[in-house]
Every structure is written in structure tokens, then in C-alpha cells.
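Note: the block below is query-v9.txt and it holds compact mmCIF, C-alpha atoms and all ligand atoms.
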# COMPACT_ATOMS: atom_id res chain seq x y z
CA MET A 324 22.22 22.40 7.06
CA THR A 325 20.72 20.38 4.18
CA GLU A 326 18.79 22.50 1.69
CA THR A 327 15.11 21.68 1.35
CA THR A 328 12.34 22.73 -1.04
CA THR A 329 8.71 23.20 -0.02
CA LEU A 330 5.94 22.52 -2.51
CA THR A 331 2.17 22.56 -2.17
CA VAL A 332 0.43 19.20 -2.47
CA GLU A 333 -1.03 20.32 -5.83
CA ALA A 334 2.35 21.51 -7.19
CA LEU A 335 4.02 18.22 -6.29
CA ALA A 336 1.14 16.25 -7.85
CA GLU A 337 1.55 18.23 -11.10
CA ARG A 338 5.31 17.55 -11.19
CA VAL A 339 4.90 13.84 -10.53
CA ALA A 340 2.12 13.46 -13.12
CA ALA A 341 4.27 15.35 -15.67
CA ILE A 342 7.16 12.91 -15.07
CA PHE A 343 4.88 9.96 -15.70
CA ARG A 344 3.34 11.53 -18.82
CA ARG A 345 6.85 12.16 -20.23
CA THR A 346 7.54 8.43 -19.90
CA GLY A 347 4.49 7.63 -22.01
CA LEU A 348 1.86 6.94 -19.36
CA ASN A 349 -1.62 7.95 -20.43
CA ASP A 350 -3.58 10.43 -18.31
CA VAL A 351 -5.51 7.69 -16.50
CA GLN A 352 -2.32 5.97 -15.34
CA ALA A 353 -0.23 9.10 -14.71
CA GLY A 354 -2.98 10.86 -12.71
CA ALA A 355 -3.73 7.90 -10.43
CA LEU A 356 -0.02 7.23 -9.80
CA ALA A 357 0.71 10.87 -9.03
CA ARG A 358 -2.21 10.98 -6.55
CA VAL A 359 -1.04 7.94 -4.58
CA ILE A 360 2.67 8.89 -4.55
CA VAL A 361 1.97 12.46 -3.47
CA ALA A 362 -0.44 11.19 -0.79
CA GLY A 363 2.46 9.08 0.56
CA GLU A 364 4.83 12.04 0.60
CA ARG A 365 2.15 14.33 2.09
CA ASP A 366 1.48 11.86 4.93
CA ALA A 367 5.23 11.33 5.62
CA CYS A 368 5.17 7.74 4.39
CA LYS A 369 8.59 7.98 2.77
CA SER A 370 8.78 4.29 1.80
CA HIS A 371 5.86 4.83 -0.63
CA GLY A 372 6.37 8.47 -1.64
CA VAL A 373 8.50 10.04 -4.39
CA TYR A 374 11.15 7.40 -3.80
CA ARG A 375 8.83 4.98 -5.69
CA ILE A 376 8.80 7.00 -8.95
CA GLU A 377 12.01 5.49 -10.32
CA GLY A 378 10.86 1.93 -9.60
CA ALA A 379 7.62 2.59 -11.49
CA LEU A 380 9.56 4.07 -14.43
CA ARG A 381 11.99 1.12 -14.45
CA THR A 382 9.01 -1.23 -14.62
CA VAL A 383 7.61 0.70 -17.61
CA LYS A 384 11.01 0.62 -19.39
CA ALA A 385 11.37 -3.11 -18.75
CA GLY A 386 8.04 -3.62 -20.54
CA LYS A 387 6.47 -5.22 -17.45
CA VAL A 388 3.61 -2.73 -17.15
CA LYS A 389 1.49 -1.20 -19.90
CA PRO A 390 1.75 2.59 -19.68
CA ASP A 391 -1.29 3.14 -21.91
CA ALA A 392 -3.61 0.58 -20.30
CA ILE A 393 -7.25 1.50 -19.81
CA PRO A 394 -8.70 -0.62 -17.00
CA GLU A 395 -11.99 -2.38 -17.67
CA LEU A 396 -14.89 -2.98 -15.28
CA SER A 397 -16.59 -6.37 -15.87
CA ALA A 398 -20.14 -6.30 -17.19
CA ASP A 399 -22.45 -5.49 -14.28
CA ASP A 400 -24.25 -8.59 -13.01
CA GLY A 401 -25.27 -7.06 -9.67
CA SER A 402 -23.20 -9.62 -7.73
CA ALA A 403 -21.27 -8.83 -4.55
CA ILE A 404 -18.02 -9.38 -6.48
CA VAL A 405 -16.99 -6.43 -8.64
CA LYS A 406 -14.15 -7.22 -11.03
CA VAL A 407 -11.75 -4.84 -12.73
CA ASP A 408 -9.19 -6.01 -15.27
CA ALA A 409 -6.25 -3.59 -14.98
CA ARG A 410 -5.20 -4.82 -18.46
CA GLY A 411 -1.54 -4.87 -17.53
CA GLY A 412 -1.50 -1.31 -16.15
CA PHE A 413 -1.02 -0.08 -12.60
CA ALA A 414 -3.48 -1.06 -9.84
CA ASN A 415 -4.34 2.50 -8.85
CA PRO A 416 -6.48 3.55 -11.85
CA ALA A 417 -8.17 0.13 -11.73
CA PHE A 418 -9.09 0.78 -8.10
CA GLU A 419 -10.42 4.24 -8.91
CA LEU A 420 -12.58 2.71 -11.65
CA GLY A 421 -14.00 -0.05 -9.43
CA VAL A 422 -14.64 1.84 -6.21
CA PRO A 423 -18.06 3.42 -7.04
CA ALA A 424 -19.54 0.00 -7.93
CA LEU A 425 -17.89 -1.57 -4.85
CA ALA A 426 -19.32 1.08 -2.51
CA GLU A 427 -22.80 0.88 -4.07
CA ARG A 428 -22.87 -2.95 -3.71
CA ALA A 429 -21.56 -2.84 -0.13
CA ARG A 430 -24.28 -0.37 0.83
CA ARG A 431 -26.98 -2.39 -0.94
CA LEU A 432 -25.85 -5.92 0.01
CA GLY A 433 -24.04 -5.30 3.31
CA LEU A 434 -20.71 -6.49 1.98
CA ALA A 435 -18.97 -6.59 -1.38
CA ALA A 436 -15.56 -7.31 -2.85
CA LEU A 437 -13.50 -5.63 -5.53
CA VAL A 438 -11.12 -7.95 -7.34
CA ILE A 439 -8.40 -6.33 -9.43
CA ASN A 440 -6.53 -8.63 -11.80
CA ASP A 441 -3.41 -8.23 -13.92
CA CYS A 442 -2.04 -5.11 -12.30
CA THR A 443 1.31 -3.72 -11.23
CA HIS A 444 1.17 -2.65 -7.60
CA PHE A 445 3.75 -0.70 -5.63
CA SER A 446 1.77 1.60 -3.39
CA ALA A 447 0.57 1.87 0.17
CA LEU A 448 -2.96 0.55 0.78
CA TRP A 449 -4.33 3.23 3.11
CA PRO A 450 -5.41 5.57 0.24
CA GLU A 451 -7.72 2.77 -0.90
CA VAL A 452 -9.03 2.10 2.60
CA GLU A 453 -9.71 5.80 3.06
CA ALA A 454 -11.60 6.00 -0.25
CA LEU A 455 -14.09 3.59 1.36
CA THR A 456 -14.19 4.96 4.92
CA GLU A 457 -14.98 8.37 3.35
CA GLN A 458 -18.17 6.72 2.13
CA GLY A 459 -19.12 5.37 5.56
CA LEU A 460 -17.87 1.84 4.85
CA ALA A 461 -15.43 -0.38 6.73
CA ALA A 462 -12.76 -1.92 4.48
CA LEU A 463 -10.06 -4.58 4.33
CA VAL A 464 -7.43 -4.48 1.58
CA MET A 465 -4.66 -6.97 0.81
CA CYS A 466 -2.34 -8.09 -1.97
CA PRO A 467 0.70 -10.31 -2.49
CA SER A 468 4.05 -8.85 -3.52
CA TYR A 469 7.08 -10.91 -4.56
CA ALA A 470 8.88 -13.66 -2.69
CA THR A 471 11.16 -11.81 -0.26
CA VAL A 472 10.00 -13.12 3.13
CA ALA A 473 10.88 -16.51 4.65
CA PRO A 474 8.00 -18.28 6.42
CA THR A 475 8.63 -18.68 10.15
CA GLY A 476 10.89 -21.72 10.61
CA GLY A 477 12.01 -21.51 6.96
CA ASN A 478 15.18 -19.96 5.53
CA LYS A 479 14.42 -18.84 1.96
CA PRO A 480 12.23 -16.08 0.49
CA LEU A 481 8.75 -17.41 -0.33
CA LEU A 482 6.00 -15.06 0.89
CA GLY A 483 5.72 -11.41 -0.12
CA THR A 484 5.80 -8.44 2.23
CA ASN A 485 2.03 -8.72 1.58
CA PRO A 486 0.45 -5.50 2.85
CA PHE A 487 -2.75 -5.65 4.88
CA ALA A 488 -4.91 -2.64 5.68
CA PHE A 489 -8.17 -1.98 7.51
CA GLY A 490 -10.35 1.07 7.93
CA TRP A 491 -13.38 1.97 10.07
CA PRO A 492 -15.32 5.18 9.32
CA ARG A 493 -15.76 7.73 12.12
CA LYS A 494 -18.21 10.61 12.11
CA GLY A 495 -16.65 14.06 12.22
CA THR A 496 -13.06 12.89 12.55
CA SER A 497 -10.36 10.91 10.73
CA PRO A 498 -11.10 7.20 10.28
CA TYR A 499 -9.47 4.40 12.24
CA VAL A 500 -6.96 2.98 9.73
CA PHE A 501 -4.05 0.61 9.97
CA ASP A 502 -1.89 -0.44 7.06
CA PHE A 503 1.21 -2.58 7.35
CA ALA A 504 3.47 -5.04 5.64
CA THR A 505 3.11 -8.57 7.04
CA SER A 506 6.90 -8.70 7.14
CA VAL A 507 8.58 -6.98 10.10
CA ALA A 508 9.00 -3.91 7.86
CA ALA A 509 8.18 -2.94 4.28
CA ARG A 510 10.95 -3.77 1.80
CA GLY A 511 11.05 -0.05 1.01
CA GLU A 512 12.32 0.48 4.58
CA ILE A 513 15.26 -1.90 4.00
CA GLU A 514 16.14 -0.03 0.81
CA LEU A 515 15.92 3.33 2.64
CA HIS A 516 18.28 1.97 5.36
CA ARG A 517 20.69 0.79 2.63
CA ARG A 518 20.67 4.20 0.95
CA ALA A 519 21.25 5.96 4.28
CA GLY A 520 24.10 3.56 5.18
CA LYS A 521 22.22 2.52 8.33
CA LYS A 522 22.11 -0.91 9.97
CA LEU A 523 18.74 -2.66 10.29
CA PRO A 524 17.21 -3.33 13.68
CA GLU A 525 17.76 -6.90 14.95
CA GLY A 526 15.08 -9.39 13.91
CA TRP A 527 14.18 -7.89 10.54
CA ALA A 528 16.05 -10.23 8.21
CA ILE A 529 18.28 -13.21 7.52
CA ASP A 530 21.15 -13.43 5.01
CA ALA A 531 21.37 -15.80 2.03
CA ASP A 532 22.66 -18.56 4.37
CA GLY A 533 19.68 -18.16 6.69
CA ASN A 534 21.65 -16.39 9.47
CA PRO A 535 20.25 -13.27 11.23
CA THR A 536 21.65 -10.04 9.75
CA THR A 537 21.45 -6.28 10.32
CA ASP A 538 23.20 -5.47 7.01
CA PRO A 539 20.63 -4.13 4.48
CA GLU A 540 22.63 -5.52 1.50
CA ALA A 541 22.74 -8.98 3.08
CA ALA A 542 19.03 -8.71 3.93
CA LEU A 543 18.15 -7.79 0.34
CA ALA A 544 20.15 -10.82 -0.86
CA GLY A 545 18.64 -13.06 1.83
CA ALA A 546 15.11 -12.87 3.21
CA MET A 547 13.00 -10.64 5.39
CA LEU A 548 11.12 -12.09 8.36
CA PRO A 549 7.35 -12.05 8.99
CA PHE A 550 6.05 -9.76 11.77
CA GLY A 551 4.92 -11.54 14.94
CA GLY A 552 6.63 -14.84 14.08
CA HIS A 553 4.23 -17.65 13.14
CA LYS A 554 1.23 -15.29 13.35
CA GLY A 555 2.50 -12.91 10.66
CA SER A 556 3.67 -15.90 8.64
CA ALA A 557 0.09 -17.29 8.67
CA ILE A 558 -1.47 -13.92 7.76
CA GLY A 559 1.02 -13.52 4.90
CA THR A 560 0.03 -17.00 3.70
CA MET A 561 -3.67 -16.13 3.96
CA ILE A 562 -3.05 -13.14 1.67
CA GLU A 563 -1.34 -15.42 -0.89
CA LEU A 564 -4.48 -17.63 -0.76
CA LEU A 565 -7.19 -14.94 -0.87
CA ALA A 566 -5.56 -12.23 -2.99
CA GLY A 567 -3.50 -14.58 -5.18
CA ILE A 568 -4.88 -18.08 -5.64
CA MET A 569 -8.57 -17.38 -4.89
CA ILE A 570 -8.78 -14.50 -7.36
CA GLY A 571 -6.92 -16.46 -10.05
CA ASP A 572 -3.85 -14.28 -9.96
CA LEU A 573 -0.15 -14.69 -9.17
CA THR A 574 1.25 -15.59 -5.75
CA SER A 575 4.47 -13.92 -4.55
CA PRO A 576 6.81 -16.75 -5.71
CA GLU A 577 5.06 -16.74 -9.11
CA VAL A 578 5.51 -12.96 -9.33
CA LEU A 579 9.25 -13.33 -8.72
CA ASP A 580 9.47 -16.07 -11.38
CA TYR A 581 7.63 -13.80 -13.82
CA LEU A 582 9.72 -10.68 -13.13
CA GLY A 583 13.04 -12.40 -12.40
CA THR A 584 14.00 -9.50 -10.11
CA THR A 585 12.83 -7.48 -7.12
CA THR A 586 14.01 -4.23 -8.70
CA LEU A 587 10.74 -3.83 -10.63
CA ALA A 588 7.27 -3.25 -9.19
CA PRO A 589 5.37 -6.53 -8.70
CA PHE A 590 2.62 -7.75 -11.06
CA HIS A 591 -0.32 -9.59 -9.46
CA GLY A 592 -3.90 -8.99 -8.27
CA GLU A 593 -5.53 -7.26 -5.34
CA LEU A 594 -8.55 -7.91 -3.11
CA ILE A 595 -10.61 -5.16 -1.49
CA LEU A 596 -13.52 -5.96 0.84
CA ALA A 597 -16.08 -3.34 1.87
CA PHE A 598 -18.62 -3.69 4.70
CA SER A 599 -21.62 -1.63 5.73
CA PRO A 600 -21.51 -1.47 9.56
CA GLU A 601 -25.20 -0.45 9.67
CA ALA A 602 -26.22 -3.52 7.66
CA PHE A 603 -24.27 -5.90 9.90
CA ALA A 604 -25.49 -4.31 13.14
CA LYS A 605 -29.15 -4.04 12.02
CA GLY A 606 -31.56 -5.43 14.63
CA ARG A 607 -28.84 -5.58 17.30
CA PRO A 608 -28.64 -3.24 20.27
CA GLY A 609 -26.52 -0.08 20.07
CA ASP A 610 -25.22 2.11 17.28
CA PRO A 611 -22.01 0.54 15.85
CA PHE A 612 -20.37 3.93 15.30
CA ALA A 613 -21.09 5.12 18.85
CA ARG A 614 -19.82 1.81 20.28
CA ALA A 615 -16.67 2.09 18.19
CA GLU A 616 -16.06 5.59 19.60
CA THR A 617 -16.20 4.18 23.14
CA LEU A 618 -13.57 1.62 22.15
CA PHE A 619 -11.30 4.25 20.56
CA GLN A 620 -11.65 6.58 23.53
CA THR A 621 -10.71 3.79 25.90
CA ILE A 622 -7.61 2.96 23.83
CA VAL A 623 -6.54 6.58 23.80
CA GLY A 624 -7.51 6.94 27.45
CA GLN A 625 -4.80 4.43 28.33
CA GLY A 626 -2.19 6.67 26.70
CA ALA A 627 -2.00 4.59 23.51
CA ARG A 628 -2.33 6.24 20.11
CA LEU A 629 -4.57 5.10 17.28
CA PRO A 630 -2.84 3.89 14.11
CA SER A 631 -2.61 6.54 11.37
CA GLN A 632 -2.59 9.43 13.91
CA ARG A 633 1.04 10.15 12.96
CA ARG A 634 0.01 10.14 9.31
CA PHE A 635 -3.01 12.41 9.83
CA ALA A 636 -0.86 14.87 11.78
CA ALA A 637 1.73 14.84 8.95
CA ARG A 638 -1.07 15.38 6.42
CA ALA A 639 -2.46 18.38 8.30
CA LYS A 640 1.05 19.89 8.48
CA SER A 641 1.71 19.32 4.75
CA GLU A 642 -1.64 20.83 3.81
CA ARG A 643 -0.92 23.85 6.01
CA GLU A 644 2.77 24.38 5.32
CA GLY A 645 3.50 22.40 2.14
CA ILE A 646 5.51 19.22 1.49
CA VAL A 647 9.20 19.47 2.34
CA LEU A 648 11.56 17.67 -0.05
CA THR A 649 15.26 17.08 0.54
CA ALA A 650 17.81 18.40 -1.99
CA THR A 651 18.29 14.83 -3.26
CA GLU A 652 14.55 14.37 -3.81
CA THR A 653 14.27 17.71 -5.62
CA GLU A 654 17.25 16.83 -7.84
CA GLN A 655 15.63 13.47 -8.60
CA LEU A 656 12.39 15.16 -9.69
CA ASP A 657 14.26 17.78 -11.79
CA ARG A 658 16.34 15.08 -13.47
CA LEU A 659 13.27 12.99 -14.29
CA LEU A 660 11.44 16.01 -15.68
CA GLU A 661 14.35 16.89 -17.97
CA LYS A 662 14.91 13.33 -19.27
P1 LIG B 1 4.48 0.74 9.78
O1 LIG B 1 5.02 -0.31 10.68
O2 LIG B 1 5.23 1.98 9.59
O3 LIG B 1 3.01 1.15 10.28
C1 LIG B 1 2.01 0.19 10.39
C2 LIG B 1 0.73 0.78 10.94
O4 LIG B 1 0.85 0.84 12.36
C3 LIG B 1 0.41 2.19 10.48
O5 LIG B 1 -0.96 2.28 10.30
C4 LIG B 1 0.93 3.04 11.64
O6 LIG B 1 0.28 4.30 11.74
C5 LIG B 1 0.61 2.17 12.81
N1 LIG B 1 1.47 2.43 13.97
C6 LIG B 1 2.82 2.57 14.00
N2 LIG B 1 3.24 2.77 15.25
C7 LIG B 1 2.12 2.78 16.04
C8 LIG B 1 1.90 2.94 17.44
N3 LIG B 1 2.90 3.15 18.28
N4 LIG B 1 0.64 2.88 17.88
C9 LIG B 1 -0.40 2.67 17.03
N5 LIG B 1 -0.24 2.50 15.71
C10 LIG B 1 1.01 2.56 15.22
O7 LIG B 1 4.13 0.09 8.37
P2 LIG B 1 4.99 -0.88 7.43
O8 LIG B 1 6.40 -0.41 7.39
O9 LIG B 1 4.72 -2.28 7.79
O10 LIG B 1 4.29 -0.58 6.01
C11 LIG B 1 4.44 0.71 5.42
C12 LIG B 1 3.65 0.81 4.15
O11 LIG B 1 4.19 -0.06 3.18
C13 LIG B 1 2.16 0.46 4.25
O12 LIG B 1 1.46 1.60 3.81
C14 LIG B 1 1.97 -0.70 3.28
O13 LIG B 1 0.75 -0.68 2.55
C15 LIG B 1 3.13 -0.50 2.35
N6 LIG B 1 3.51 -1.75 1.69
C16 LIG B 1 3.13 -1.95 0.40
C17 LIG B 1 3.46 -3.13 -0.24
C18 LIG B 1 3.01 -3.42 -1.63
O14 LIG B 1 3.30 -4.48 -2.15
N7 LIG B 1 2.30 -2.54 -2.27
C19 LIG B 1 4.22 -4.18 0.44
C20 LIG B 1 4.53 -3.87 1.80
C21 LIG B 1 4.19 -2.69 2.39
P3 LIG B 1 1.11 5.67 11.38
O15 LIG B 1 1.29 5.64 9.88
O16 LIG B 1 0.25 6.77 11.86
O17 LIG B 1 2.43 5.59 12.12
O1 LIG B 2 7.73 -1.96 0.55
O2 LIG B 2 7.65 -4.15 0.69
C1 LIG B 2 7.46 -3.09 0.10
C2 LIG B 2 6.86 -3.15 -1.25
C3 LIG B 2 6.88 -4.19 -2.12
C4 LIG B 2 6.19 -3.78 -3.22
C5 LIG B 2 5.77 -2.52 -3.00
N1 LIG B 2 6.18 -2.14 -1.77

Take the structure in the file and write it out as C-alpha cells.
Ligand code: NDP
Ligand code: PYC
Amino acid sequence: MTETTTLTVEALAERVAAIFRRTGLNDVQAGALARVIVAGERDACKSHGVYRIEGALRTVKAGKVKPDAIPELSADDGSAIVKVDARGGFANPAFELGVPALAERARRLGLAALVINDCTHFSALWPEVEALTEQGLAALVMCPSYATVAPTGGNKPLLGTNPFAFGWPRKGTSPYVFDFATSVAARGEIELHRRAGKKLPEGWAIDADGNPTTDPEAALAGAMLPFGGHKGSAIGTMIELLAGIMIGDLTSPEVLDYLGTTTLAPFHGELILAFSPEAFAKGRPGDPFARAETLFQTIVGQGARLPSQRRFAARAKSEREGIVLTATETEQLDRLLEK
């Protein structure tokens, strides 16, 4: 049997933050990164958990992210668009800085946007969505990545795996949240298959000659495919437009040109939209939260599950019993702490 180690959420967060501080990250960067990585591990989202630490450290060592950046909130002009300049640091502390102003504007104006520019982004988006649903707001979050996905009908990497997440607040229970790559799977999943020596499911990727492949190495050298064919391809393109071009930041092909590799975390911008359901529904019949509950109950009533239910169950278990790490993961953390 493989040996495992169990740590509390707090103990793992301390270890991860200590690793980042040892590499020269300031407290703002190290704390925000540790929170998002540990949240991934806690919720059994392995593709964005502790496995991501080394990629973040590689990006620091390559000089492609500023470990001591202090994000800056633009002067307050009361507009619906809140802007945070990550100043070359990671996206996560920039998000944490911008979210109070975003939530206040969304409540006051009905909807508001947070634009983060010049950031390195490697994390899952649901922690950001949940930061807004916790405040009674609905949210949409998206960002480009780097060119690794061929558009439907094409044969070369162009779009990113461009994650897209949505959240709806629910009273007295976990929010409705989905969060997915607009490729068939996150690139992290391909890498985890490669490490485990497993073949990919059919339909995930093409090789460098544009032929379908189930070999993770060939997929990493070729291109991934969008989810849902032309529909995912169009949504991935929309994210390049809204969260790349519209906010004056890099698109996925530009990110790859800038980095020259997919082994580092991508540098681009991010767009977060927050909505007040009460403001939108004002003057219309019915309470939007009660109506949403009817919809959710009907979905579940058919035997379907709501997205994020697996994650919330994993979270409850981790909070109750601790986070279980494999021997390899524990060795990785020990090695990085000793470096
Ligand atoms: P998954 O396909 O694993 O999950 C997508 C969503 O669908 C989740 O909300 C999941 O909930 C839900 N879901 C899965 N199965 C069902 C089901 N049977 N019924 C209802 N809902 C279901 O996600 P991906 O592999 O596409 O993405 C994983 C992560 O990678 C995301 O968090 C994303 O943000 C991140 N990512 C980040 C990128 C970046 O550049 N920063 C790029 C690409 C991806 P549950 O979790 O409960 O299973
Ligand atoms: O899993 O596709 C991915 C990814 C790319 C950048 C961060 N995560």
C-alpha cells in the first residue's frame, strides 16, 4: 500500500506559503498563492493543487513573474469597471485586492467588472467565483492561457485552454458553481496522465501532424481540442476577445510568443463580472433566489448532480479528516522546503 500523509488545511497552507517565501515571494504573493493551491488540494482538484507549486517556482526562476510585486488598484472613479494592475505578479493577490471594490460596485450598480492586467495566472477559477457568491452576487470569470488548443476544423495550437467559471449564490447552502477549461480537459490533466503513464481518452487531442492521439506526450507536442466541437471553439475565442483583446492584454498566441514555452505559468489578464440578482430582478414577479432553488431541485430531482457537488463533498471531508497527500507529494513539499 502507498504511504500517505494527512495534514490539516491550515498546516498545508503554512507549508506551501513557507515554500513560496523561501523562493523570494513577498507575503502578499506567497499568502494568496498558498490559499488557492491548498483550496485546490482540499477540494480534490489535483490538476490545480500542490502539483502547481513547481510550475509557479519555475516561472519565478525564469524571471517571468515578479515575486515581490504589490498589486495596485486604479484610482477610484466610481465606474462599473474596477481595474487592478498586478504589476507583473500573480493574479491571485490582485484579485484579493480588487474584490471588495468589485462587490461594492455590483451591489450599488447592479453589475460591475474587475479587470486584472499584467498577471501570471495558473489557478482554478472557482475560488474567485466563490469569493463573490459568498457576498450574495452571481459571477462570471474567464481568462486566456497559452496557445495549446486547435480551433475546431484547424490543426495547430491557437486558443488557450481558457477557463470559464460561473457562480450563483444560494441561501443556507453551497453555491451553484461550474468551472471548466474550454478545451476537452485542462492541460494539467494531460500532464497528470503523462506522469501516471496513462493513455488519454479518445477525442482529447491531436498530434503535431494533426492526427488524433491518445498519447499524452504526442498531445503535449500537438494540440488539445475544444470541448463541444465548434461551440467550445467559439467560447474559447470569445474569452480571447473579452479577457484578452478587450482588456488590452495578451491573447493566448501572444502569451506563447512572450514565454516561448508552455512549461511556465502564462502571463496575461483576467476578467471577472459580478451581478446583483436582486437588482436585475427588481420589479419583476418572483424572488430570483427562490426561483433558482426550484430549478436546482428539478435538476437534482431527475437524478442529475449539480456541478461542484463533488468538490464540496471533498472539501467537507478534508475539513473533517485532513488533506491526504501521497508519498510523492510529501517528498516534493519536503524537498522544496529544504532547497
Ligand atoms: P472538469 O471537467 O473536471 O469539471 C468541470 C465542471 O463540471 C466542474 O464544476 C465539475 O464539478 C462539473 N462536473 C463534472 N462532472 C459533472 C457531472 N457529472 N454533473 C455535473 N457537473 C459536473 O474541469 P476541467 O478539467 O475542464 O477544469 C479543471 C480546472 O482547471 C478548472 O478549475 C479550471 O479553472 C482550471 N483551469 C485553469 C486554467 C488557467 O489557465 N488558469 C486553464 C484551464 C483550466 P466538480 O468539480 O464537482 O466535479
Ligand atoms: O490546466 O490548462 C490548464 C492550465 C493552463 C494554465 C493553467 N492551467

Open item on the list: Taking 4 positions as the minimum chain separation for residues in the same chain, which residues sit within 12 Å of segment 380-387 of chain A when counting only C-alpha atoms? Answer as a VMD selection string.
Closed with: chain A and resid 339 342 to 348 352 to 353 356 373 to 376 391 to 392 410 to 413 441 to 445 578 581 to 591 659 662

Open item on the list: Which residues are near ligand LIG 1 (chain B) in this structure, taking near to mean any atom at most 6 Å from a ligand atom and counting all atoms listed in the file? Format them as an NGL selection string.
Closed with: :A and (444-448 or 468 or 484-486 or 501-504 or 508-509 or 628-634)

Open item on the list: Report as a list in words all protein, DNA and RNA residues lying within 9 Å of Leu594 of chain A, evaluated on only C-alpha atoms, omitting residues in the same chain fewer than 3 positions from it.
Closed with: Ala436, Leu437, Val438, Ile439, Asn440, Leu463, Val464, Met465, Cys466, Ile562, Leu565, Ala566, Gly567 and Ile570 of chain A

TODO: Tell me which protein, DNA and RNA residues are within 9 Å of Val405 of chain A, counting all atoms listed in the file, leaving out same-chain ones fewer than 5 positions away, and put them as a VMD selection string.
DONE: chain A and resid 396 to 397 399 to 400 421 to 422 424 to 425 428 435 to 439

Considering only C-alpha atoms, return as a compact mmCIF listing (two decimals) with C-alpha atoms, in the coordinates of the input whatever protein or nucleic-acid residues lie within 10 Å of Ser497 of chain A, sequence-local ones (same chain, fewer than 5 positions apart) excluded.
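What follows is the written file out_0.txt:
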# COMPACT_ATOMS: atom_id res chain seq x y z
CA GLU A 453 -9.71 5.80 3.06
CA THR A 456 -14.19 4.96 4.92
CA GLU A 457 -14.98 8.37 3.35
CA TRP A 491 -13.38 1.97 10.07
CA PRO A 492 -15.32 5.18 9.32
CA SER A 631 -2.61 6.54 11.37
CA GLN A 632 -2.59 9.43 13.91
CA PHE A 635 -3.01 12.41 9.83

Task: Contacts of Ala334 of chain A at 12 Å (only C-alpha atoms; same-chain gap of 2+ positions) as a list in words - done: Thr328, Thr329, Leu330, Thr331, Val332, Ala336, Glu337, Arg338, Val339, Ala340, Ala341, Ala357, Arg358, Val361, Arg365, Glu642, Gly645, Ile646 and Val647 of chain A

Open item on the list: Please determine, counting only C-alpha atoms, which residue among A:Pro474, A:Pro416, A:Gly626, A:Pro539 has the shortest atom-to-atom distance to Lys554 of chain A.
Closed with: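 For Lys554 of chain A, the nearest of the given residues is A:Pro474.
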
With 6 Å added on each side, what axis-aligned box encloses every listed atom of segment 525-536 of chain A? Give the centre and edge lengths in Å to one decimal, as JSON.
{"center_x": 18.4, "center_y": -12.7, "center_z": 8.5, "size_x": 20.5, "size_y": 23.7, "size_z": 24.9}

- [ ] Tell me, in Å to one decimal, how far atom CA of His516 of chain A is from atom CA of Thr536 of chain A.
- [x]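 Going from atom CA of His516 of chain A over to atom CA of Thr536 of chain A covers 13.2 Å.
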
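Among the candidates A:Gly477, A:Gly459, A:Gly559, A:Gly433, the one nearest to Ala403 of chain A when counting only C-alpha atoms is A:Gly433.
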
- [ ] Measuring atom to atom with only C-alpha atoms and all ligand atoms, identify which of A:Ala426, A:Ala541, A:Ala604, A:Cys368 is nearest to ligand LIG 2 (chain B).
- [x] A:Cys368

Task: Nearest-residue call for ligand LIG 2 (chain B), choices A:Arg510, A:Arg658, A:Lys389, A:Arg430, using only C-alpha atoms and all ligand atoms - done: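 Smallest separation from ligand LIG 2 (chain B) among the options: A:Arg510.
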
Task: Two-atom distance - atom CA of Leu434 of chain A, atom CA of Ala414 of chain A (Å) - done: 21.6 Å

Open item on the list: What's the separation between atom CA of Pro608 of chain A and atom CA of Arg431 of chain A, in Å to one decimal place?
Closed with: 21.3 Å
